Amino acid sequence: MPLRDYNAAVDFVDRNVAEGRGDKIAFIDPLRSLSYGELRDAAARVGPMLARLGVEQEDRIALVLQDTVDFPILFWGAIRAGVVPVLLNTRLTTDQYRYLLEDSRAKAVFVSTDLLPLIEEAATDLSHLRSIIAVGEGASAAARLADLLAAENEGGAPARTCADDVAYWQYSSGTTGMPKGVMHVHSSPRVMATSAGQRRIGYRQDDIVFSAAKLFFAYGLGNAMFCSMWVGATSVLYPERPTAESVFDVLRLHQPTLLFAVPTLYAAILADRQRKHERLPERLRLCVSAGEPLPAQVGLNWRNRFGRDIVNGVGSTEMGHLFLTNLPSAVEYGTSGVPVDGYRLKLVDDQGCDIADGEIGELLVNGGSAAAGYWNQRDKSRMTFIGEWTRTGDKYHRRADGVYTYRGRSDDMFKVSGIWVSPFEIEEALMRHPTVAEAAVIPAEDIDGLIKPKAFIVLASQDEDINVLIQDLKEHVKRAIGPWKYPRWIRVVNELPKTSSGKLQRYMLRAMVLD
């Protein structure tokens, strides 16, 4: 790929039109559909619109958008103009939005109408923020995207960008604190789409893609935008928070061929008794999970009920999309699979030295989609992006056949009786018990000050004798993975603390122990 004169929007949007797909539907939401030709024309008007708002090339705009067809228009329109869209989670608090708007120094923010009051409050007295633009239907005194775009009679030419220019930002999900701004360059989407999309998942032009994971989320952006558009496929967008009911509604209406979700949603679908007679569409050829580790029992239960497997995948905001997955034709539950073509993986010990098969070490990734770094966090950038390698902070085991298995976060591992214990392994064992819907494990001190596992569980039903069940679960874990690994304490909770993208927040469980 030439370093000069490359603009990702031209490659993903204009190329589809040039190759004869101008009339093909690119995106569908509950109210509208958008062809590739309509996307190109609308995206071309975004640059002139931004210029009238005082936003210039290399400036940043914040997108706080639900998943509708306006999202790709603004995302690709900004990139086409050389402006950097900063994608923000739609389920944050006022204080969190203020932090992100201050941190990114966005000159304008485009926000779905439902979220406008939060953003207006968060943006109070921010000197760098010039404009707040409402997107979508609903009453609002703010300027509207539809009106601003309609006022532009002609589209602008693509900006002269290069492959290494920053194209867009996403913020890490903040499982251990405030999120970090992750900067991706113009060449990254193409790497993600060809490697994970074409060569591993097998996207086709005739695919209809439904990603329950949202576009602001790296996993969702890769699923429904990069991989889909690269081959000229169609993506179905759903603006609300997905539920078992809404997922089946979309499946029935649009008959997608590819389904992407997080493990929490797959588990919720299985647990929803009102949907127990629902079936998957015949056209649906692949289900994929990422965003957090897929418990083996969830995959097995899905296979037993629907006759389809779930392909477990691993990615990160720093790498942009998936770099490690089960092979779609050879799913092995309990494992994370093998590296995606184009990515190299290695495991290292605490000193950074490579380790052999059969040992547990931190996973490092090498691939062309790695971010340029974190915005204004030099020390953390230097700790994470080490030459050609990106640290994941995850502990893995690698078999002799090259298959990787997740063992937990580097800072989540702990020793019991002098032996390293993976909380994820204990969680997997607990979830193999039919009464447990979700589980999380952290270290806790006993009365002698020794570290032992403590479990938090969500029950599949409330019809259990808790005292009897807890003893049964302890014995179950002893039999399944070893007598020293069983949780000494088990606490039943209504739900586990998670980020808005579905990742477990263990630090909040640790705080509950301290309380």
# chains A, B, ... in the order shown; residues from 1 in each chain; ligands from 1
$ residues_around --residues "Ala213 of chain A" --least-positions-apart "6" --cutoff "8 Å" --atoms "only C-alpha atoms" --output "list in words"
Tyr219, Gly220, Phe260, Ala261, Val262 and Ser501 of chain A
$ closest_atom_pairs --of "segment 226-328 of chain A" --to "segment 336-357 of chain A" --cutoff "7 Å" --atoms "only C-alpha atoms" --output "Markdown table"
| residue | atom | partner | partner_atom | distance |
| --- | --- | --- | --- | --- |
| A:Asn312 | CA | A:Ser336 | CA | 6.1 |
| A:Gly313 | CA | A:Ser336 | CA | 6.4 |
| A:Val314 | CA | A:Ser336 | CA | 6.9 |
| A:Phe323 | CA | A:Val340 | CA | 5.0 |
| A:Leu324 | CA | A:Pro339 | CA | 4.4 |
| A:Thr325 | CA | A:Gly337 | CA | 4.7 |
| A:Asn326 | CA | A:Gly337 | CA | 3.8 |
| A:Leu327 | CA | A:Gly337 | CA | 6.7 |
$ residues_around --residues "Arg407 of chain A" --least-positions-apart "2" --cutoff "7 Å" --atoms "only C-alpha atoms" --output "compact mmCIF listing (two decimals) with N, CA and C atoms, in the first residue's frame"
# COMPACT_ATOMS: atom_id res chain seq x y z
N LYS A 395 -3.40 -13.21 29.93
CA LYS A 395 -2.62 -14.42 30.10
C LYS A 395 -3.22 -15.56 29.28
N TYR A 396 -2.36 -16.26 28.55
CA TYR A 396 -2.81 -17.37 27.70
C TYR A 396 -1.89 -18.58 27.88
N HIS A 397 -2.44 -19.71 27.49
CA HIS A 397 -1.71 -20.96 27.37
C HIS A 397 -1.74 -21.36 25.89
N THR A 405 -5.47 -20.76 24.68
CA THR A 405 -6.56 -20.81 25.65
C THR A 405 -6.38 -19.67 26.65
N SER A 422 -6.09 -19.33 37.59
CA SER A 422 -6.79 -18.46 36.65
C SER A 422 -8.24 -18.29 37.10
N PHE A 424 -10.62 -17.21 35.38
CA PHE A 424 -11.49 -17.62 34.28
C PHE A 424 -11.73 -19.12 34.31
N GLU A 425 -10.71 -19.90 34.68
CA GLU A 425 -10.87 -21.35 34.75
C GLU A 425 -11.91 -21.73 35.81
$ residues_around --residues "segment 60-66 of chain A" --least-positions-apart "2" --cutoff "10 Å" --atoms "only C-alpha atoms" --output "PyMOL selection string"
chain A and resi 50+55-58+68-71+74-75+78+82-92+97+100-101+104-116+119+129+131-136+167-169+214-216+237-241
$ closest_residue --among "A:Lys380, A:Ser195, A:Met49, A:Phe385" --to "Arg144 of chain A" --atoms "only C-alpha atoms"
A:Met49
$ closest_residue --among "A:Leu145, A:Ala371, A:Ala43, A:Ala18" --to "Gln170 of chain A" --atoms "only C-alpha atoms"
A:Ala371
$ residues_around --residues "Phe27 of chain A" --least-positions-apart "2" --cutoff "6 Å" --atoms "only C-alpha atoms" --output "list in words"
Ile25, Ser33, Leu34, Thr234, Ser235 and Val236 of chain A
$ select_by_dssp --residues "segment 6-96 of chain A" --states "strand (DSSP E)" --output "PyMOL selection string"
chain A and resi 25-28+33-35+60-64+84-87
$ select_by_dssp --residues "segment 120-282 of chain A" --states "alpha helix (DSSP H)" --output "PyMOL selection string"
chain A and resi 120-122+145-150+188-192+218-221+228-230+244-254+263-271
$ atom_distance --atom1 "atom CA of Gly54 of chain A" --atom2 "atom CA of Asp103 of chain A"
19.4 Å
$ residues_around --residues "segment 478-494 of chain A" --least-positions-apart "5" --cutoff "6 Å" --atoms "only C-alpha atoms" --output "list in words"
Pro453, Lys454, Ala455, Phe456, Ile457 and Val458 of chain A
$ write_last_selection --atoms "C-alpha atoms" --output "PDB file, in the first residue's frame"
ATOM      1  CA  PRO A 453     -10.715 -17.657  45.441  1.00  0.00           C
ATOM      2  CA  LYS A 454     -14.004 -15.851  46.082  1.00  0.00           C
ATOM      3  CA  ALA A 455     -16.862 -16.255  43.605  1.00  0.00           C
ATOM      4  CA  PHE A 456     -19.815 -14.079  42.698  1.00  0.00           C
ATOM      5  CA  ILE A 457     -22.587 -15.862  40.811  1.00  0.00           C
ATOM      6  CA  VAL A 458     -25.822 -15.014  39.054  1.00  0.00           C
TER       7      VAL A 458
END
